[in-house]
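> Contents of final-v6.txt (compact mmCIF, C-alpha atoms) are below:
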```txt
# COMPACT_ATOMS: atom_id res chain seq x y z
CA MET A 22 7.27 -28.58 -93.02
CA GLU A 23 7.36 -30.78 -96.14
CA TYR A 24 5.77 -34.15 -96.64
CA ASP A 25 7.41 -37.23 -98.13
CA PRO A 26 5.71 -37.97 -101.48
CA ASP A 27 6.93 -41.58 -101.54
CA ILE A 28 5.31 -42.30 -98.18
CA VAL A 29 2.10 -40.40 -98.90
CA LYS A 30 1.68 -42.03 -102.30
CA GLY A 31 0.38 -45.26 -100.78
CA VAL A 32 -2.34 -43.55 -98.77
CA GLY A 33 -2.49 -40.20 -100.54
CA PRO A 34 -4.76 -38.59 -103.09
CA HIS A 35 -5.57 -41.71 -105.15
CA GLN A 36 -6.38 -43.86 -102.13
CA TRP A 37 -8.21 -40.91 -100.58
CA LEU A 38 -10.40 -40.58 -103.65
CA PHE A 39 -11.01 -44.32 -103.84
CA GLU A 40 -12.03 -44.62 -100.18
CA ARG A 41 -14.30 -41.61 -100.43
CA LEU A 42 -15.99 -42.81 -103.61
CA LEU A 43 -16.70 -46.15 -101.92
CA ALA A 44 -18.30 -44.25 -99.06
CA GLY A 45 -20.33 -42.08 -101.40
CA LEU A 46 -18.36 -38.93 -100.60
CA ALA A 47 -17.07 -36.32 -103.01
CA ALA A 48 -13.35 -36.15 -103.69
CA SER A 49 -13.13 -32.79 -101.98
CA GLU A 50 -16.04 -32.20 -99.64
CA LYS A 51 -17.70 -28.80 -99.61
CA ARG A 52 -19.10 -27.35 -96.45
CA ALA A 53 -22.44 -28.97 -95.65
CA LYS A 54 -25.40 -26.62 -95.83
CA GLY A 55 -28.58 -27.03 -93.87
CA ALA A 56 -29.68 -27.20 -90.28
CA TYR A 57 -27.92 -29.43 -87.76
CA SER A 58 -24.89 -30.33 -89.88
CA ILE A 59 -22.26 -32.09 -87.80
CA GLY A 60 -18.48 -32.06 -87.51
CA ILE A 61 -16.36 -34.23 -85.21
CA GLU A 62 -12.92 -33.66 -83.72
CA GLU A 63 -10.93 -36.45 -82.09
CA GLU A 64 -7.64 -36.36 -80.20
CA TYR A 65 -5.31 -39.39 -80.18
CA PHE A 66 -2.07 -40.43 -78.52
CA LEU A 67 1.09 -41.46 -80.37
CA SER A 68 2.99 -44.34 -78.75
CA ASN A 69 6.02 -46.48 -79.45
CA SER A 70 4.76 -49.41 -81.52
CA ARG A 71 6.63 -52.03 -79.47
CA THR A 72 6.54 -50.72 -75.89
CA LYS A 73 3.39 -48.60 -76.31
CA LEU A 74 5.03 -45.92 -74.15
CA ALA A 75 3.78 -42.45 -75.05
CA ALA A 76 6.04 -40.60 -77.47
CA VAL A 77 7.82 -37.59 -75.98
CA THR A 78 8.70 -35.88 -79.25
CA THR A 79 7.20 -36.70 -82.64
CA PRO A 80 8.55 -35.98 -86.14
CA ASP A 81 7.26 -33.04 -88.14
CA VAL A 82 7.29 -35.14 -91.31
CA LEU A 83 4.64 -37.44 -89.86
CA PHE A 84 2.22 -34.53 -89.50
CA ALA A 85 3.17 -33.17 -92.92
CA ASN A 86 2.45 -36.58 -94.45
CA ALA A 87 -0.83 -36.89 -92.55
CA LYS A 88 -1.96 -33.45 -93.65
CA ALA A 89 -1.12 -34.22 -97.26
CA ALA A 90 -2.92 -37.56 -97.19
CA THR A 91 -6.08 -36.21 -95.52
CA GLU A 92 -6.41 -32.77 -97.10
CA GLY A 93 -5.46 -31.06 -93.86
CA ARG A 94 -7.74 -33.04 -91.53
CA VAL A 95 -4.86 -33.92 -89.14
CA ASP A 96 -2.67 -31.61 -87.05
CA ARG A 97 -0.64 -31.43 -83.87
CA GLU A 98 -2.32 -30.93 -80.51
CA PHE A 99 -1.12 -29.20 -77.35
CA LEU A 100 1.50 -31.84 -76.49
CA GLN A 101 3.75 -33.65 -78.96
CA ALA A 102 2.34 -37.04 -77.98
CA GLN A 103 -1.11 -35.90 -79.15
CA VAL A 104 -2.78 -35.68 -82.55
CA GLU A 105 -5.96 -33.85 -83.51
CA ALA A 106 -8.22 -35.00 -86.35
CA ALA A 107 -11.19 -32.93 -87.52
CA THR A 108 -13.86 -33.65 -90.10
CA PRO A 109 -15.59 -30.97 -92.15
CA PRO A 110 -19.32 -30.47 -91.50
CA TYR A 111 -21.55 -33.24 -92.83
CA ALA A 112 -25.27 -33.70 -93.31
CA SER A 113 -25.20 -37.41 -92.44
CA MET A 114 -23.57 -39.61 -89.85
CA ARG A 115 -22.58 -42.12 -92.55
CA GLU A 116 -20.35 -39.50 -94.16
CA ALA A 117 -18.81 -38.50 -90.84
CA ARG A 118 -18.10 -42.14 -90.00
CA ALA A 119 -16.43 -42.80 -93.36
CA GLU A 120 -14.28 -39.71 -92.91
CA LEU A 121 -13.08 -40.65 -89.43
CA GLN A 122 -12.46 -44.26 -90.39
CA TYR A 123 -10.23 -43.13 -93.25
CA ILE A 124 -8.40 -40.62 -91.03
CA ARG A 125 -7.73 -43.18 -88.26
CA ARG A 126 -6.43 -45.83 -90.65
CA THR A 127 -4.36 -43.40 -92.69
CA LEU A 128 -2.79 -41.86 -89.61
CA ALA A 129 -2.00 -45.30 -88.20
CA THR A 130 -0.34 -46.34 -91.47
CA LEU A 131 1.77 -43.19 -91.63
CA ALA A 132 2.67 -43.40 -87.93
CA SER A 133 3.91 -46.96 -88.40
CA GLU A 134 6.63 -45.58 -90.71
CA HIS A 135 8.08 -43.99 -87.58
CA ASP A 136 7.50 -47.02 -85.32
CA LEU A 137 4.52 -45.30 -83.73
CA SER A 138 0.99 -46.48 -82.96
CA VAL A 139 -2.20 -44.45 -82.62
CA LEU A 140 -4.28 -44.84 -79.46
CA ALA A 141 -7.80 -43.41 -79.21
CA CYS A 142 -8.56 -43.04 -75.48
CA GLY A 143 -9.04 -40.34 -72.88
CA THR A 144 -5.85 -41.06 -70.94
CA HIS A 145 -2.84 -43.10 -72.01
CA PRO A 146 -2.41 -46.14 -69.71
CA THR A 147 1.27 -45.50 -68.96
CA ALA A 148 2.07 -41.94 -70.08
CA ARG A 149 4.00 -39.79 -67.61
CA TRP A 150 3.04 -36.15 -67.81
CA GLN A 151 6.46 -35.24 -66.37
CA ASP A 152 8.00 -36.35 -69.67
CA ALA A 153 5.55 -34.43 -71.88
CA ALA A 154 6.83 -31.87 -74.39
CA GLN A 155 4.73 -29.01 -75.73
CA SER A 156 4.05 -28.69 -79.45
CA GLU A 157 5.46 -25.56 -81.04
CA HIS A 158 2.64 -23.08 -81.62
CA GLU A 159 2.12 -19.50 -80.47
CA ARG A 160 -1.29 -20.26 -78.92
CA TYR A 161 0.06 -23.31 -77.09
CA SER A 162 2.99 -21.28 -75.76
CA ARG A 163 0.62 -18.64 -74.38
CA ILE A 164 -1.51 -21.31 -72.72
CA MET A 165 1.52 -23.07 -71.25
CA ASP A 166 2.85 -19.79 -69.88
CA ASP A 167 -0.48 -19.21 -68.16
CA LEU A 168 -1.08 -22.75 -66.88
CA GLN A 169 2.50 -23.66 -65.93
CA MET A 170 2.73 -27.24 -64.56
CA ILE A 171 -1.00 -27.79 -65.05
CA GLY A 172 -0.46 -27.36 -68.78
CA THR A 173 2.14 -30.13 -68.84
CA ARG A 174 -0.28 -32.38 -66.96
CA ASN A 175 -2.79 -32.01 -69.80
CA MET A 176 -1.91 -35.48 -71.16
CA LEU A 177 -5.57 -35.99 -72.07
CA CYS A 178 -7.54 -36.68 -75.25
CA GLY A 179 -11.18 -35.84 -75.83
CA MET A 180 -13.81 -35.80 -78.52
CA HIS A 181 -15.56 -32.60 -79.61
CA VAL A 182 -18.81 -32.58 -81.58
CA HIS A 183 -19.98 -29.49 -83.47
CA VAL A 184 -23.65 -29.05 -84.45
CA GLU A 185 -24.80 -26.03 -86.43
CA LEU A 186 -28.12 -24.59 -85.32
CA PRO A 187 -30.41 -22.78 -87.78
CA ASP A 188 -30.08 -19.63 -85.66
CA PRO A 189 -26.58 -19.37 -84.14
CA ASP A 190 -27.82 -16.66 -81.76
CA ARG A 191 -29.68 -19.40 -79.86
CA ARG A 192 -26.58 -21.41 -79.03
CA VAL A 193 -26.18 -20.10 -75.48
CA GLU A 194 -29.81 -20.78 -74.66
CA VAL A 195 -29.64 -24.34 -76.06
CA MET A 196 -26.29 -24.88 -74.30
CA CYS A 197 -27.80 -24.13 -70.91
CA ARG A 198 -30.82 -26.35 -71.53
CA MET A 199 -28.41 -29.15 -72.51
CA ILE A 200 -26.76 -29.16 -69.06
CA PRO A 201 -28.70 -32.13 -67.56
CA TYR A 202 -27.51 -34.39 -70.39
CA LEU A 203 -23.79 -33.60 -70.22
CA PRO A 204 -23.06 -36.39 -67.68
CA LEU A 205 -24.73 -38.91 -70.02
CA PHE A 206 -22.32 -38.08 -72.86
CA LEU A 207 -19.42 -38.53 -70.47
CA ALA A 208 -20.73 -41.82 -69.06
CA LEU A 209 -21.18 -43.28 -72.56
CA SER A 210 -17.69 -42.25 -73.66
CA THR A 211 -15.46 -43.13 -70.70
CA SER A 212 -12.09 -44.41 -71.90
CA SER A 213 -9.70 -43.11 -69.22
CA PRO A 214 -9.48 -45.53 -66.28
CA PHE A 215 -5.65 -45.34 -66.02
CA TRP A 216 -3.26 -42.53 -65.11
CA GLN A 217 0.53 -42.86 -65.10
CA GLY A 218 0.46 -46.65 -64.96
CA ARG A 219 -2.16 -46.97 -62.26
CA ALA A 220 -5.83 -47.91 -62.27
CA THR A 221 -7.56 -44.82 -60.88
CA GLY A 222 -10.77 -46.49 -59.73
CA LEU A 223 -12.64 -44.15 -62.11
CA ARG A 224 -14.03 -45.05 -65.51
CA GLY A 225 -13.35 -41.50 -66.69
CA TYR A 226 -10.30 -39.90 -65.07
CA ARG A 227 -9.75 -37.45 -67.93
CA LEU A 228 -12.07 -34.70 -66.70
CA ALA A 229 -10.82 -35.12 -63.13
CA ALA A 230 -7.42 -34.04 -64.44
CA TYR A 231 -8.79 -31.54 -66.97
CA ASP A 232 -10.74 -29.70 -64.28
CA GLU A 233 -7.42 -28.44 -62.90
CA LEU A 234 -7.61 -25.91 -65.73
CA PRO A 235 -9.65 -22.73 -65.32
CA ARG A 236 -13.02 -22.31 -67.06
CA THR A 237 -13.80 -26.03 -67.29
CA GLY A 238 -16.68 -28.26 -66.23
CA ILE A 239 -20.38 -27.48 -66.48
CA PRO A 240 -21.29 -24.03 -67.85
CA GLU A 241 -22.82 -21.34 -65.74
CA LEU A 242 -26.55 -20.76 -66.15
CA PHE A 243 -26.38 -18.02 -68.76
CA SER A 244 -29.95 -17.74 -70.03
CA THR A 245 -29.16 -15.30 -72.83
CA SER A 246 -26.40 -14.63 -75.34
CA GLU A 247 -26.06 -11.14 -73.88
CA ALA A 248 -25.17 -12.53 -70.46
CA PHE A 249 -22.59 -14.89 -71.95
CA ASP A 250 -21.12 -12.08 -74.05
CA ALA A 251 -20.85 -9.86 -70.97
CA TYR A 252 -18.91 -12.61 -69.16
CA VAL A 253 -16.55 -13.06 -72.11
CA ALA A 254 -16.08 -9.29 -72.47
CA ALA A 255 -15.14 -8.96 -68.80
CA LEU A 256 -12.46 -11.67 -69.06
CA VAL A 257 -11.06 -10.27 -72.31
CA ALA A 258 -11.00 -6.70 -70.97
CA SER A 259 -9.20 -7.94 -67.85
CA GLY A 260 -6.49 -9.65 -69.90
CA VAL A 261 -7.49 -13.14 -68.76
CA MET A 262 -7.98 -14.46 -72.30
CA ARG A 263 -8.03 -13.30 -75.89
CA ASP A 264 -11.44 -14.69 -76.83
CA SER A 265 -14.00 -17.32 -75.84
CA SER A 266 -11.91 -20.16 -77.28
CA TYR A 267 -10.13 -20.08 -73.91
CA ILE A 268 -13.36 -21.21 -72.23
CA TRP A 269 -13.07 -24.99 -71.95
CA TRP A 270 -16.45 -26.01 -70.54
CA MET A 271 -18.01 -29.40 -71.30
CA ILE A 272 -20.09 -27.53 -73.90
CA ARG A 273 -19.69 -24.08 -75.38
CA PRO A 274 -20.61 -21.90 -78.37
CA SER A 275 -17.70 -22.25 -80.78
CA VAL A 276 -15.93 -19.00 -81.59
CA LYS A 277 -14.43 -20.46 -84.77
CA TYR A 278 -17.61 -21.96 -86.23
CA PRO A 279 -21.35 -21.11 -85.99
CA THR A 280 -21.85 -24.26 -83.92
CA LEU A 281 -22.64 -25.54 -80.46
CA GLU A 282 -19.62 -27.62 -79.41
CA LEU A 283 -19.86 -30.61 -77.09
CA ARG A 284 -16.55 -31.20 -75.29
CA ALA A 285 -17.58 -33.57 -72.50
CA PRO A 286 -16.70 -36.97 -74.02
CA ASP A 287 -13.45 -38.86 -73.73
CA CYS A 288 -12.02 -39.84 -77.10
CA CYS A 289 -13.76 -43.14 -77.87
CA THR A 290 -11.58 -46.11 -78.74
CA ARG A 291 -14.26 -47.71 -80.91
CA LEU A 292 -15.45 -45.67 -83.88
CA ASP A 293 -19.01 -46.97 -83.55
CA ASP A 294 -19.13 -45.39 -80.08
CA THR A 295 -17.86 -42.07 -81.43
CA ILE A 296 -20.59 -41.93 -84.05
CA ALA A 297 -23.34 -43.00 -81.64
CA ILE A 298 -22.47 -40.32 -79.08
CA ALA A 299 -22.06 -37.64 -81.75
CA ALA A 300 -25.45 -38.59 -83.22
CA LEU A 301 -27.08 -38.44 -79.79
CA PHE A 302 -25.76 -34.91 -79.27
CA ARG A 303 -27.00 -33.96 -82.71
CA VAL A 304 -30.56 -35.19 -82.14
CA LEU A 305 -30.65 -33.61 -78.67
CA ALA A 306 -29.50 -30.29 -80.10
CA ARG A 307 -32.28 -30.45 -82.67
CA HIS A 308 -34.85 -31.43 -80.05
CA LEU A 309 -34.00 -28.57 -77.70
CA ASP A 310 -33.79 -26.11 -80.57
CA GLN A 311 -37.18 -27.19 -81.93
CA ASN A 312 -38.75 -27.26 -78.44
CA PRO A 313 -37.70 -24.03 -76.72
CA ARG A 314 -39.74 -24.80 -73.62
CA GLY A 315 -37.77 -27.99 -72.94
CA ASN A 316 -35.70 -27.61 -69.75
CA GLN A 317 -36.68 -23.96 -69.64
CA GLU A 318 -37.16 -24.22 -65.87
CA LEU A 319 -33.51 -25.12 -65.10
CA ASP A 320 -32.26 -23.52 -61.89
CA ALA A 321 -29.36 -23.71 -59.46
CA VAL A 322 -30.62 -27.04 -58.15
CA SER A 323 -30.65 -28.48 -61.67
CA ARG A 324 -27.06 -27.38 -62.26
CA ALA A 325 -25.96 -28.76 -58.88
CA ILE A 326 -27.56 -32.12 -59.70
CA ALA A 327 -25.79 -32.14 -63.08
CA GLN A 328 -22.52 -31.44 -61.28
CA GLU A 329 -23.08 -34.45 -59.01
CA ASN A 330 -23.99 -36.61 -62.02
CA LYS A 331 -20.80 -35.50 -63.77
CA TRP A 332 -18.86 -37.02 -60.88
CA ARG A 333 -20.96 -40.18 -60.99
CA ALA A 334 -20.30 -40.51 -64.72
CA GLN A 335 -16.55 -40.17 -64.10
CA ARG A 336 -16.59 -42.67 -61.26
CA TYR A 337 -18.97 -45.37 -62.49
CA GLY A 338 -19.53 -44.81 -66.23
CA VAL A 339 -22.57 -46.59 -67.65
CA GLY A 340 -22.68 -48.96 -64.69
CA GLY A 341 -23.75 -46.29 -62.24
CA THR A 342 -26.83 -44.29 -61.36
CA PHE A 343 -27.65 -40.62 -61.71
CA VAL A 344 -29.27 -38.35 -59.18
CA GLY A 345 -32.88 -37.44 -59.98
CA ARG A 346 -35.26 -35.18 -58.17
CA GLU A 347 -37.32 -38.24 -57.21
CA GLY A 348 -34.42 -40.61 -56.56
CA ALA A 349 -31.60 -42.50 -58.25
CA ILE A 350 -31.96 -43.53 -61.89
CA PRO A 351 -29.66 -46.04 -63.67
CA VAL A 352 -27.69 -44.54 -66.55
CA GLY A 353 -29.29 -47.01 -68.98
CA GLU A 354 -32.77 -45.95 -67.90
CA PHE A 355 -31.86 -42.27 -68.24
CA LEU A 356 -30.59 -43.04 -71.75
CA GLU A 357 -33.89 -44.71 -72.64
CA GLN A 358 -35.78 -41.60 -71.57
CA VAL A 359 -33.58 -39.45 -73.79
CA LEU A 360 -33.94 -41.81 -76.76
CA ALA A 361 -37.73 -41.81 -76.39
CA MET A 362 -37.84 -38.03 -76.10
CA THR A 363 -35.73 -37.53 -79.25
CA ALA A 364 -37.14 -40.35 -81.41
CA GLU A 365 -38.74 -37.95 -83.91
CA ASP A 366 -35.53 -35.94 -84.14
CA ALA A 367 -33.46 -39.07 -84.80
CA GLU A 368 -35.89 -40.00 -87.57
CA ALA A 369 -35.76 -36.53 -89.09
CA LEU A 370 -31.95 -36.52 -89.14
CA GLY A 371 -31.56 -40.14 -90.31
CA CYS A 372 -29.77 -41.06 -87.06
CA VAL A 373 -32.04 -43.82 -85.71
CA ALA A 374 -29.53 -46.66 -86.06
CA ASP A 375 -26.64 -44.49 -84.89
CA VAL A 376 -28.24 -43.38 -81.62
CA ALA A 377 -29.54 -46.91 -81.01
CA HIS A 378 -25.92 -48.04 -80.62
CA CYS A 379 -25.86 -46.06 -77.36
CA ARG A 380 -27.96 -48.91 -75.94
CA THR A 381 -25.15 -51.31 -76.84
CA ILE A 382 -22.65 -49.12 -75.02
CA ALA A 383 -24.87 -48.97 -71.95
CA ALA A 384 -25.42 -52.74 -71.98
CA ASN A 385 -21.91 -53.95 -72.85
CA GLY A 386 -19.76 -51.21 -71.36
CA THR A 387 -17.44 -48.51 -72.64
CA SER A 388 -13.80 -48.62 -73.64
CA ALA A 389 -12.94 -48.09 -69.97
CA ASP A 390 -14.82 -51.26 -69.01
CA ALA A 391 -13.04 -53.23 -71.74
CA GLN A 392 -9.64 -51.84 -70.75
CA LEU A 393 -10.17 -52.83 -67.13
CA ALA A 394 -11.28 -56.34 -68.15
CA VAL A 395 -8.12 -56.77 -70.24
CA PHE A 396 -5.98 -55.42 -67.41
CA GLU A 397 -7.48 -57.65 -64.72
CA ALA A 398 -7.22 -60.81 -66.84
CA LYS A 399 -3.59 -60.16 -67.78
CA GLU A 400 -2.42 -58.92 -64.39
CA ALA A 401 -3.49 -62.16 -62.74
CA GLU A 402 -1.16 -64.20 -64.94
CA ALA A 403 1.67 -61.84 -65.87
CA GLY A 404 1.77 -58.83 -63.55
CA THR A 405 1.03 -55.11 -63.81
CA ASP A 406 3.49 -54.08 -66.54
CA ALA A 407 2.35 -56.84 -68.90
CA ALA A 408 -1.26 -55.99 -68.13
CA LEU A 409 -0.77 -52.32 -69.00
CA LEU A 410 0.94 -53.31 -72.25
CA ALA A 411 -2.01 -55.58 -73.08
CA VAL A 412 -4.39 -52.68 -72.46
CA SER A 413 -2.41 -50.42 -74.78
CA ASP A 414 -2.33 -53.15 -77.44
CA TRP A 415 -6.12 -53.51 -77.14
CA ILE A 416 -6.60 -49.76 -77.58
CA ALA A 417 -4.31 -49.61 -80.62
CA GLU A 418 -6.06 -52.55 -82.29
CA ASN A 419 -9.55 -51.22 -81.67
CA THR A 420 -8.67 -47.67 -82.74
CA ILE A 421 -8.41 -48.87 -86.34
CA ALA A 422 -10.88 -51.78 -86.22
CA THR A 423 -13.83 -51.60 -88.61
```
What is this structure when it is put down as C-alpha cells?

Amino acid sequence: MEYDPDIVKGVGPHQWLFERLLAGLAASEKRAKGAYSIGIEEEYFLSNSRTKLAAVTTPDVLFANAKAATEGRVDREFLQAQVEAATPPYASMREARAELQYIRRTLATLASEHDLSVLACGTHPTARWQDAAQSEHERYSRIMDDLQMIGTRNMLCGMHVHVELPDPDRRVEVMCRMIPYLPLFLALSTSSPFWQGRATGLRGYRLAAYDELPRTGIPELFSTSEAFDAYVAALVASGVMRDSSYIWWMIRPSVKYPTLELRAPDCCTRLDDTIAIAALFRVLARHLDQNPRGNQELDAVSRAIAQENKWRAQRYGVGGTFVGREGAIPVGEFLEQVLAMTAEDAEALGCVADVAHCRTIAANGTSADAQLAVFEAKEAEAGTDAALLAVSDWIAENTIAT
C-alpha cells in the first residue's frame, strides 16, 4: 500500500514538524516515561462529503497517505467506513490534545481528496449496517467469522484511554475499584442518539448495540490479577479467544501495553470533550492507585448498581440521575463529588483545567444533546432526511473545529 507523495506533501513531514513545534512537541515523539502517562485512541466514520452517507468501501491510498502524514498514527478499523487514530503515550494533556487536533485535521484534509468527510461520533446518523464491508485483516476476519451478523452490525465508534500505572500488576485491582465511575465516563461522552436514520430515544445507543458482542459491559469483580489470569487462561485453553485482547469490557488491562484501558466512552465529536474525559480517567486512575483502600468494599450490590447506572447513562446522558445507596443523585452532582475527591490528583498531573471542562459538558450537554437539538430544529422546517443531513454536517464541522 503506497502513499501519494504529491498529496501528502501539503500535510506531510514539513507541516507535521511545524504543527508539533508550535505545540511544543518533538518532531518524533519518544515514549513518555513516568507514572500515569496517557495515550488516546479515537475511532471515526468516513462519509460522502455531499450526502454524508457512510462510505461502504474506502480507498487504500487514503490510509497510506494518512499513515505517511501522521507517522503511523492512523489505520483502518474493523469496518471500511471506520478509521482508528492513536496517539503515543504523553506526560501532559496539552501534548495529547495537540496530537489529536493535528490527526483530525490532517485526516479530514486527506479524506477530502476522495470526497469523504470525517465524523467523530459513537453512531453514524444514517449508516446502514447491512451495507457495511469488513476491512481486510486476519484478526478482523477471525472476529467476523466468530460474530457473524453481529460483527457486521458493529457500525460503532468509541474512544479508548490508556493510563500507565507505576505497577502494572495492580491494573486488575484498580480496574475493579473503577467500576462505579464507568457510567459517568459514558454519560459525559454520549454521541450516539441515532441508529440507521432514526432517533433511538437514547443519548448513547452505541453500547446498547455493542453489548450484542460477547465479553462486553462492566467487568466481573476480579479482586486479584491471579483471578483475572485464570479467567483468561480458561477461555484461551477452550479455544474461545487467542488472548485477552478479545475481552471488550468497558475497561480492561491492555494486553498490548502496560496500561489500564478505558473503553466506555463514545467517540466525542468535540476535541475539548475528549481531552476532559481522558483527563478525568487519568486523575481517577492515579487516585485509586495512590489510595488502595478506596472502593475496596465493592461487592455484588455495587456492581449491580453500576450496571443500572450504565443503562441510565445510555438513556439520559448528563441530564439523568444515577442510583445511589441512599437515593438518586444527578449526574452533575456525582461529577462534583468525583472532582472534589480527585482535586489533589488533578493538581499533581497538571490536569485541573482539563477535568474542569467536564462541568461544561454536564451543564451544556454532550454531542448527543447537540445533535438532537439540530435534528429537532431542522425536522420542523424541512423533514427527517434534511434534519439527519444537518446533524451529519454539524458532526463533520465540529470534528475539526478548534
> Which of these, A:Ile421, A:Ala248, A:Ala369, A:Ala154, has the shortest distance to Gln311 of chain A once you count all atoms listed in the file?
A:Ala369
> In Å, rounded to a single decimal, give me how far atom CA of Ile164 of chain A is from atom CA of Pro80 of chain A.
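Here the two named atoms are 22.3 Å from each other.
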> Hey, what's within 9 Å of segment 231-233 of chain A if we count all atoms listed in the file and toss same-chain stuff fewer than 5 positions away? As a PyMOL selection string, please?
chain A and resi 171+174-177+226+238
> Identify, on the basis of only C-alpha atoms, every residue whose closest approach to Tyr111 of chain A does not exceed 7 Å; exclude the query and any residue fewer than 4 positions from it along the same chain; express the result as a PDB file with C-alpha atoms, in the frame of the given file.

```
ATOM      1  CA  ALA A  53     -22.440 -28.970 -95.650  1.00  0.00           C
ATOM      2  CA  SER A  58     -24.890 -30.330 -89.880  1.00  0.00           C
ATOM      3  CA  ILE A  59     -22.260 -32.090 -87.800  1.00  0.00           C
ATOM      4  CA  GLY A  60     -18.480 -32.060 -87.510  1.00  0.00           C
ATOM      5  CA  GLU A 116     -20.350 -39.500 -94.160  1.00  0.00           C
ATOM      6  CA  ALA A 117     -18.810 -38.500 -90.840  1.00  0.00           C
TER       7      ALA A 117
END
```
> Atom CA of Glu247 of chain A to atom CA of Tyr161 of chain A: how many Å, to one decimal?
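For atom CA of Glu247 of chain A relative to atom CA of Tyr161 of chain A, the distance reads 29.0 Å.
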> Show me, as a Markdown table, the residues of segment 304-398 of chain A having an atom within 7 Å of segment 179-202 of chain A, each with the closest atom pair and its distance in Å, using all atoms listed in the file.

```
| residue | atom | partner | partner_atom | distance |
| --- | --- | --- | --- | --- |
| A:Leu309 | CA | A:Val195 | CA | 6.3 |
| A:Asp310 | CA | A:Val195 | CA | 6.4 |
| A:Asn316 | CA | A:Arg198 | CA | 5.3 |
| A:Gln317 | CA | A:Arg198 | CA | 6.6 |
| A:Ala327 | CA | A:Pro201 | CA | 5.3 |
```
> List every protein, DNA or RNA residue that has at least one atom no more than 10 Å from (1.1, -30.4, -78.3) in the file's coordinates, counting all atoms listed in the file, and write the result as a PyMOL selection string.
chain A and resi 78-79+96-105+153-158+161-162+173+175-176
> Using all atoms listed in the file, find each residue in segment 267-381 of chain A having at least one atom no more than 10 Å away from segment 118-139 of chain A; report its shortest atom-to-atom pair and that distance in Å (one decimal), rows by chain then rising number, as a Markdown table.

```
| residue | atom | partner | partner_atom | distance |
| --- | --- | --- | --- | --- |
| A:Leu292 | CA | A:Gln122 | CA | 7.3 |
| A:Asp293 | CA | A:Arg118 | CA | 8.1 |
| A:Thr295 | CA | A:Arg118 | CA | 8.6 |
| A:Ile296 | CA | A:Arg118 | CA | 6.5 |
| A:Ala297 | CA | A:Arg118 | CA | 9.9 |
```
> For each of A:Ala334, A:Ala251, A:Leu360, A:Leu242, take the minimum atom-to-atom distance to Ser212 of chain A, counting all atoms listed in the file, then give the residue where this is smallest.
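For Ser212 of chain A, the nearest of the candidates is A:Ala334.
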> Have a look at A:Arg333, A:Lys399, A:Arg149, A:Arg307 and name the one nearest to Ala367 of chain A; count all atoms listed in the file.
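For Ala367 of chain A, the nearest of the candidates is A:Arg307.
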> Rounded to one decimal in Å, what is the spacing between atom CA of Ser213 of chain A and atom CA of Trp415 of chain A?
13.6 Å
